[in-house]
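Only one structure is covered here, and it is reproduced in the block below.
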Amino acid sequence: MRVTLLGTGDTTGTPTVGCDCDTCEEARDRGVERSRFSVHVENERTGESLLIDCSPDFRQQFLTHNVALPDAAIVSHIHFDHLDGLGNAYRLFDDLPVYAADEVDPVTGESVADTIRSKYDYLDRVTVEDVTPFDSVRVCGLDVTLVPVDHPPLVCYGLCVEDPETGAKLSLSGDTSYDVPADSRAALSDPDLLLADGIVPAAFCEYHPMGGKDEGPDGTPYTFGTKHMTREGALALADDLDAAETRLVHLAHYYPPEEAFAEPLAVDGETYDL
Ligand SMILES: [Zn+2]
Ligand SMILES: [Zn+2]
Ligand SMILES: [Zn+2]
């Protein structure tokens, strides 16, 4: 499978609109972007492709990167930066199946799948398919499994995508704190490529009103506030999952400029053949 990182930024992206911080300026100088989160997975055996999350930057991402429009999409959770690009389906697709979890979120009273159904009921090109977490579904010739992660207050899912022919495996953490449940870690383990939410460096926790939590052995916070992993947390998760290769994604412009473009922080347009 061929994996293209269409969007590697957090909800404001880098550069952030109206921001002249050193990191946004450095991104402009380098000509790189971190648009809102999305990943394109092409099954080269069948020629089909799967879109993971529907970025508000969908149009620009597909104009910029040399990838086919997807045959199906899967949505991790209902936050703006992962879902609101779905409106782009209008007039681009005859029918786009969108896979999402079927568990009821106690906060919204409905599942991710049901929220998408009601929010996009005007879009007859979209067909929402329910997925039960931990049950893998065959999509575009690939086995896709959603697993719960920790992104309060909403439910959110990480996922793995496995090629049943080659055994290649892509895992994504989803938007999550470091407190990923053990059974989800087991499902995500041993990927050829891990894409992990590492929104800020741990040192930035002092600027979050709730600080950090889930400290590692040396006291470094692995979670920024309650919703996302720090860089250090994402790398610790990668270690725990025994990932062969790791890219950090969902990155904010709060990384200092000398750290923001260092390995293994991803930028838009990276491709991986698994
Ligand atoms: Zn900035
Ligand atoms: Zn989110
Ligand atoms: Zn997000």
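Letters A, B, ... mark the chains of the structure tokens in the order given; residue numbers begin at 1 per chain; ligand numbers begin at 1, in order shown.
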Can you list every residue of chain A that has an atom at most 10 Å from ligand 3, with its nearest atom pair and the distance in Å to one decimal, using only C-alpha atoms and all ligand atoms, ordered by chain then number, as JSON lines?
```
{"residue": "A:Thr8", "atom": "CA", "partner": "ligand 3", "partner_atom_place_in_ligand_line": "1 (Zn)", "distance": 9.9}
{"residue": "A:Gly9", "atom": "CA", "partner": "ligand 3", "partner_atom_place_in_ligand_line": "1 (Zn)", "distance": 8.2}
{"residue": "A:Asp10", "atom": "CA", "partner": "ligand 3", "partner_atom_place_in_ligand_line": "1 (Zn)", "distance": 5.6}
{"residue": "A:Thr11", "atom": "CA", "partner": "ligand 3", "partner_atom_place_in_ligand_line": "1 (Zn)", "distance": 5.6}
{"residue": "A:Thr12", "atom": "CA", "partner": "ligand 3", "partner_atom_place_in_ligand_line": "1 (Zn)", "distance": 9.4}
{"residue": "A:Arg36", "atom": "CA", "partner": "ligand 3", "partner_atom_place_in_ligand_line": "1 (Zn)", "distance": 7.6}
{"residue": "A:Phe37", "atom": "CA", "partner": "ligand 3", "partner_atom_place_in_ligand_line": "1 (Zn)", "distance": 6.7}
{"residue": "A:Ser38", "atom": "CA", "partner": "ligand 3", "partner_atom_place_in_ligand_line": "1 (Zn)", "distance": 9.7}
{"residue": "A:Asp53", "atom": "CA", "partner": "ligand 3", "partner_atom_place_in_ligand_line": "1 (Zn)", "distance": 9.7}
{"residue": "A:Ser55", "atom": "CA", "partner": "ligand 3", "partner_atom_place_in_ligand_line": "1 (Zn)", "distance": 9.5}
{"residue": "A:Ser76", "atom": "CA", "partner": "ligand 3", "partner_atom_place_in_ligand_line": "1 (Zn)", "distance": 9.4}
{"residue": "A:His77", "atom": "CA", "partner": "ligand 3", "partner_atom_place_in_ligand_line": "1 (Zn)", "distance": 8.5}
{"residue": "A:Ile78", "atom": "CA", "partner": "ligand 3", "partner_atom_place_in_ligand_line": "1 (Zn)", "distance": 9.1}
{"residue": "A:His79", "atom": "CA", "partner": "ligand 3", "partner_atom_place_in_ligand_line": "1 (Zn)", "distance": 6.4}
{"residue": "A:Phe80", "atom": "CA", "partner": "ligand 3", "partner_atom_place_in_ligand_line": "1 (Zn)", "distance": 7.5}
{"residue": "A:Asp81", "atom": "CA", "partner": "ligand 3", "partner_atom_place_in_ligand_line": "1 (Zn)", "distance": 5.3}
{"residue": "A:His82", "atom": "CA", "partner": "ligand 3", "partner_atom_place_in_ligand_line": "1 (Zn)", "distance": 6.0}
{"residue": "A:Leu83", "atom": "CA", "partner": "ligand 3", "partner_atom_place_in_ligand_line": "1 (Zn)", "distance": 9.4}
{"residue": "A:His151", "atom": "CA", "partner": "ligand 3", "partner_atom_place_in_ligand_line": "1 (Zn)", "distance": 9.5}
{"residue": "A:Cys156", "atom": "CA", "partner": "ligand 3", "partner_atom_place_in_ligand_line": "1 (Zn)", "distance": 9.9}
{"residue": "A:Gly174", "atom": "CA", "partner": "ligand 3", "partner_atom_place_in_ligand_line": "1 (Zn)", "distance": 8.0}
{"residue": "A:Asp175", "atom": "CA", "partner": "ligand 3", "partner_atom_place_in_ligand_line": "1 (Zn)", "distance": 5.7}
{"residue": "A:Thr176", "atom": "CA", "partner": "ligand 3", "partner_atom_place_in_ligand_line": "1 (Zn)", "distance": 9.0}
{"residue": "A:Asp197", "atom": "CA", "partner": "ligand 3", "partner_atom_place_in_ligand_line": "1 (Zn)", "distance": 8.7}
{"residue": "A:Ile199", "atom": "CA", "partner": "ligand 3", "partner_atom_place_in_ligand_line": "1 (Zn)", "distance": 9.3}
{"residue": "A:Lys227", "atom": "CA", "partner": "ligand 3", "partner_atom_place_in_ligand_line": "1 (Zn)", "distance": 9.4}
{"residue": "A:His228", "atom": "CA", "partner": "ligand 3", "partner_atom_place_in_ligand_line": "1 (Zn)", "distance": 8.8}
{"residue": "A:Val249", "atom": "CA", "partner": "ligand 3", "partner_atom_place_in_ligand_line": "1 (Zn)", "distance": 9.9}
{"residue": "A:His250", "atom": "CA", "partner": "ligand 3", "partner_atom_place_in_ligand_line": "1 (Zn)", "distance": 6.5}
{"residue": "A:Leu251", "atom": "CA", "partner": "ligand 3", "partner_atom_place_in_ligand_line": "1 (Zn)", "distance": 9.4}
```
Original post:
Using only C-alpha atoms, which residues sit within 8 Å of stretch 145-150 of chain A once same-chain residues fewer than 3 positions away are excluded, as a list in words?
Top reply: Ser76, Ala101, Val131, Thr132, Pro133, Phe134, Asp135, Ser136, Val137, Val155, Cys156, Tyr157, Gly158, Leu159, Cys160, Val161, Ser173, Gly174, Asp175, Thr176, Ser177, Tyr178, Asp179, Val180, Pro181, Ser184, Ala187 and Lys227 of chain A
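Secondary structure from DSSP on the backbone puts helix (DSSP H, G or I) at the following positions of stretch 158-194 of chain A: Ala182, Asp183, Ser184, Arg185, Ala186, Ala187 and Leu188 of chain A.
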**OP:** Using only C-alpha atoms and all ligand atoms, determine which residues fall within 8 Å of ligand 1, then list them as number ranges by chain.
**Re:** A: 14-16, 19-25, 253-254
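Proximity ranking of A:Asp143, A:Asp121, A:Asp214, A:Asp242 relative to A:Leu188 places A:Asp242 first, based on only C-alpha atoms.
Remark: for A:Gly85, the closest of the candidate residues A:Asp105, A:Glu110, A:Asp57, A:Glu258 is A:Asp57 (distances computed over only C-alpha atoms).
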Write out as a short mmCIF file (atom, residue, chain, number, x, y, z; two decimals) with N, CA and C atoms, in the first residue's frame the set of residues from stretch 40-207 of chain A that DSSP, computed on the backbone, places in strand (DSSP E or B).
```cif
data_model
loop_
_atom_site.label_atom_id
_atom_site.label_comp_id
_atom_site.auth_asym_id
_atom_site.auth_seq_id
_atom_site.Cartn_x
_atom_site.Cartn_y
_atom_site.Cartn_z
N HIS A 40 -4.10 9.53 2.89
CA HIS A 40 -4.58 8.81 1.71
C HIS A 40 -3.85 7.48 1.65
N VAL A 41 -4.62 6.39 1.52
CA VAL A 41 -4.01 5.06 1.45
C VAL A 41 -4.45 4.41 0.14
N GLU A 42 -3.48 4.13 -0.71
CA GLU A 42 -3.80 3.50 -2.00
C GLU A 42 -3.42 2.03 -1.94
N ASN A 43 -4.37 1.20 -2.33
CA ASN A 43 -4.09 -0.22 -2.50
C ASN A 43 -3.63 -0.40 -3.94
N GLU A 48 -7.60 0.87 -5.82
CA GLU A 48 -8.56 1.63 -5.02
C GLU A 48 -7.83 2.44 -3.95
N SER A 49 -8.53 3.47 -3.46
CA SER A 49 -7.91 4.20 -2.35
C SER A 49 -8.91 4.61 -1.30
N LEU A 50 -8.37 4.71 -0.10
CA LEU A 50 -9.14 4.97 1.12
C LEU A 50 -8.64 6.27 1.71
N LEU A 51 -9.57 7.15 2.07
CA LEU A 51 -9.21 8.40 2.73
C LEU A 51 -9.48 8.28 4.22
N ILE A 52 -8.47 8.55 5.02
CA ILE A 52 -8.65 8.53 6.47
C ILE A 52 -8.83 9.97 6.94
N ALA A 72 -13.47 5.26 -0.85
CA ALA A 72 -14.15 5.17 0.44
C ALA A 72 -13.41 6.06 1.43
N ALA A 73 -14.11 6.43 2.51
CA ALA A 73 -13.48 7.22 3.56
C ALA A 73 -13.80 6.59 4.91
N ILE A 74 -12.95 6.89 5.89
CA ILE A 74 -13.22 6.46 7.26
C ILE A 74 -12.96 7.66 8.15
N LEU A 96 -20.04 7.86 -2.20
CA LEU A 96 -18.86 7.69 -1.35
C LEU A 96 -19.26 7.01 -0.05
N PRO A 97 -18.86 5.74 0.12
CA PRO A 97 -19.11 5.10 1.42
C PRO A 97 -18.19 5.69 2.49
N VAL A 98 -18.77 6.03 3.62
CA VAL A 98 -18.00 6.61 4.73
C VAL A 98 -18.17 5.70 5.94
N TYR A 99 -17.07 5.13 6.40
CA TYR A 99 -17.10 4.19 7.51
C TYR A 99 -16.82 4.93 8.81
N ALA A 100 -17.60 4.61 9.86
CA ALA A 100 -17.40 5.25 11.16
C ALA A 100 -17.95 4.36 12.26
N ALA A 101 -17.50 4.62 13.48
CA ALA A 101 -17.85 3.74 14.61
C ALA A 101 -19.33 3.83 14.98
N ASP A 105 -21.81 7.65 21.78
CA ASP A 105 -20.98 8.52 22.60
C ASP A 105 -21.86 9.10 23.70
N GLU A 110 -25.10 9.94 20.51
CA GLU A 110 -25.15 9.20 19.25
C GLU A 110 -23.74 8.75 18.86
N VAL A 126 -23.28 10.52 -0.08
CA VAL A 126 -22.57 9.90 1.03
C VAL A 126 -23.43 8.80 1.65
N THR A 127 -22.84 7.62 1.79
CA THR A 127 -23.52 6.52 2.47
C THR A 127 -22.69 6.14 3.69
N VAL A 128 -23.26 6.29 4.87
CA VAL A 128 -22.50 6.01 6.09
C VAL A 128 -22.64 4.54 6.47
N GLU A 129 -21.50 3.89 6.69
CA GLU A 129 -21.48 2.47 7.05
C GLU A 129 -21.00 2.33 8.49
N ASP A 130 -21.76 1.61 9.31
CA ASP A 130 -21.40 1.40 10.72
C ASP A 130 -20.26 0.40 10.85
N VAL A 131 -19.33 0.72 11.72
CA VAL A 131 -18.22 -0.19 12.02
C VAL A 131 -18.18 -0.40 13.53
N VAL A 137 -13.03 -4.52 9.00
CA VAL A 137 -13.87 -4.52 7.80
C VAL A 137 -12.97 -4.42 6.59
N ARG A 138 -13.35 -5.10 5.53
CA ARG A 138 -12.58 -5.07 4.29
C ARG A 138 -13.05 -3.85 3.47
N VAL A 139 -12.14 -2.89 3.29
CA VAL A 139 -12.45 -1.67 2.52
C VAL A 139 -11.33 -1.47 1.52
N LEU A 142 -8.46 -3.76 1.72
CA LEU A 142 -7.61 -3.69 2.91
C LEU A 142 -8.46 -3.95 4.16
N ASP A 143 -7.84 -4.49 5.20
CA ASP A 143 -8.56 -4.75 6.44
C ASP A 143 -8.36 -3.57 7.38
N VAL A 144 -9.47 -2.91 7.70
CA VAL A 144 -9.43 -1.69 8.51
C VAL A 144 -10.10 -1.96 9.85
N THR A 145 -9.43 -1.56 10.93
CA THR A 145 -9.96 -1.79 12.27
C THR A 145 -9.91 -0.49 13.06
N LEU A 146 -11.04 -0.10 13.63
CA LEU A 146 -11.09 1.06 14.52
C LEU A 146 -10.90 0.60 15.96
N VAL A 147 -10.12 1.34 16.74
CA VAL A 147 -9.93 1.00 18.15
C VAL A 147 -10.07 2.27 18.99
N PRO A 148 -10.75 2.17 20.15
CA PRO A 148 -10.96 3.37 20.97
C PRO A 148 -9.65 3.93 21.49
N HIS A 151 -9.73 10.83 23.96
CA HIS A 151 -9.73 12.21 23.45
C HIS A 151 -10.92 12.96 24.06
N LEU A 154 -15.02 13.69 23.77
CA LEU A 154 -15.67 12.89 22.72
C LEU A 154 -15.03 11.52 22.56
N TYR A 157 -11.26 7.36 17.70
CA TYR A 157 -10.71 6.04 17.39
C TYR A 157 -9.39 6.15 16.66
N GLY A 158 -8.45 5.33 17.08
CA GLY A 158 -7.27 5.09 16.28
C GLY A 158 -7.63 4.02 15.27
N LEU A 159 -6.75 3.73 14.34
CA LEU A 159 -7.07 2.65 13.43
C LEU A 159 -5.83 1.98 12.87
N CYS A 160 -6.03 0.74 12.44
CA CYS A 160 -4.99 0.08 11.69
C CYS A 160 -5.55 -0.37 10.35
N VAL A 161 -4.66 -0.32 9.37
CA VAL A 161 -5.00 -0.72 7.99
C VAL A 161 -3.98 -1.77 7.60
N GLU A 162 -4.47 -2.97 7.28
CA GLU A 162 -3.57 -4.08 6.95
C GLU A 162 -3.89 -4.64 5.57
N LYS A 169 1.30 -3.18 7.37
CA LYS A 169 0.39 -2.63 8.37
C LYS A 169 0.71 -1.17 8.66
N LEU A 170 -0.35 -0.35 8.57
CA LEU A 170 -0.29 1.06 8.95
C LEU A 170 -1.13 1.22 10.21
N SER A 171 -0.58 1.89 11.23
CA SER A 171 -1.39 2.22 12.42
C SER A 171 -1.41 3.72 12.62
N LEU A 172 -2.56 4.23 13.06
CA LEU A 172 -2.70 5.65 13.39
C LEU A 172 -3.23 5.76 14.81
N LEU A 193 4.39 1.25 9.77
CA LEU A 193 4.41 2.71 9.89
C LEU A 193 3.36 3.13 10.91
N LEU A 194 3.79 3.94 11.88
CA LEU A 194 2.87 4.51 12.86
C LEU A 194 2.78 6.01 12.64
N LEU A 195 1.55 6.53 12.55
CA LEU A 195 1.32 7.97 12.52
C LEU A 195 0.74 8.33 13.89
N ALA A 196 1.48 9.11 14.66
CA ALA A 196 1.10 9.36 16.05
C ALA A 196 0.91 10.86 16.30
N ASP A 197 -0.18 11.17 16.98
CA ASP A 197 -0.50 12.55 17.37
C ASP A 197 0.54 13.03 18.39
N VAL A 200 2.47 18.92 20.51
CA VAL A 200 3.47 19.92 20.97
C VAL A 200 4.60 19.19 21.69
#
```
Subject >> Å distance separating atom CA of A:Glu259 from atom CA of A:Gly233, one decimal place >> reply: 15.9 Å
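When only C-alpha atoms and all ligand atoms are used to measure the gap to ligand 2, the shortest distance among A:Glu270, A:Glu33, A:Asp84, A:Asp94 belongs to A:Asp84.
You can rank A:Ala186, A:Val17, A:Met229, A:Ala68 by their closest distance to ligand 2 using only C-alpha atoms and all ligand atoms, and at the top of that list sits A:Met229.
Shortest separation to A:Arg34 among A:Val75, A:Leu235, A:Val267, A:Leu123 occurs at residue A:Val267, atoms counted being only C-alpha atoms.
Of the residues listed (A:Ala168, A:Pro70, A:Pro256, A:Pro153), A:Pro153 shows the shortest atom-to-atom separation from ligand 2; distances use only C-alpha atoms and all ligand atoms.
Going from atom CA of A:Pro264 over to atom CA of A:Thr230, you cover 13.1 Å.
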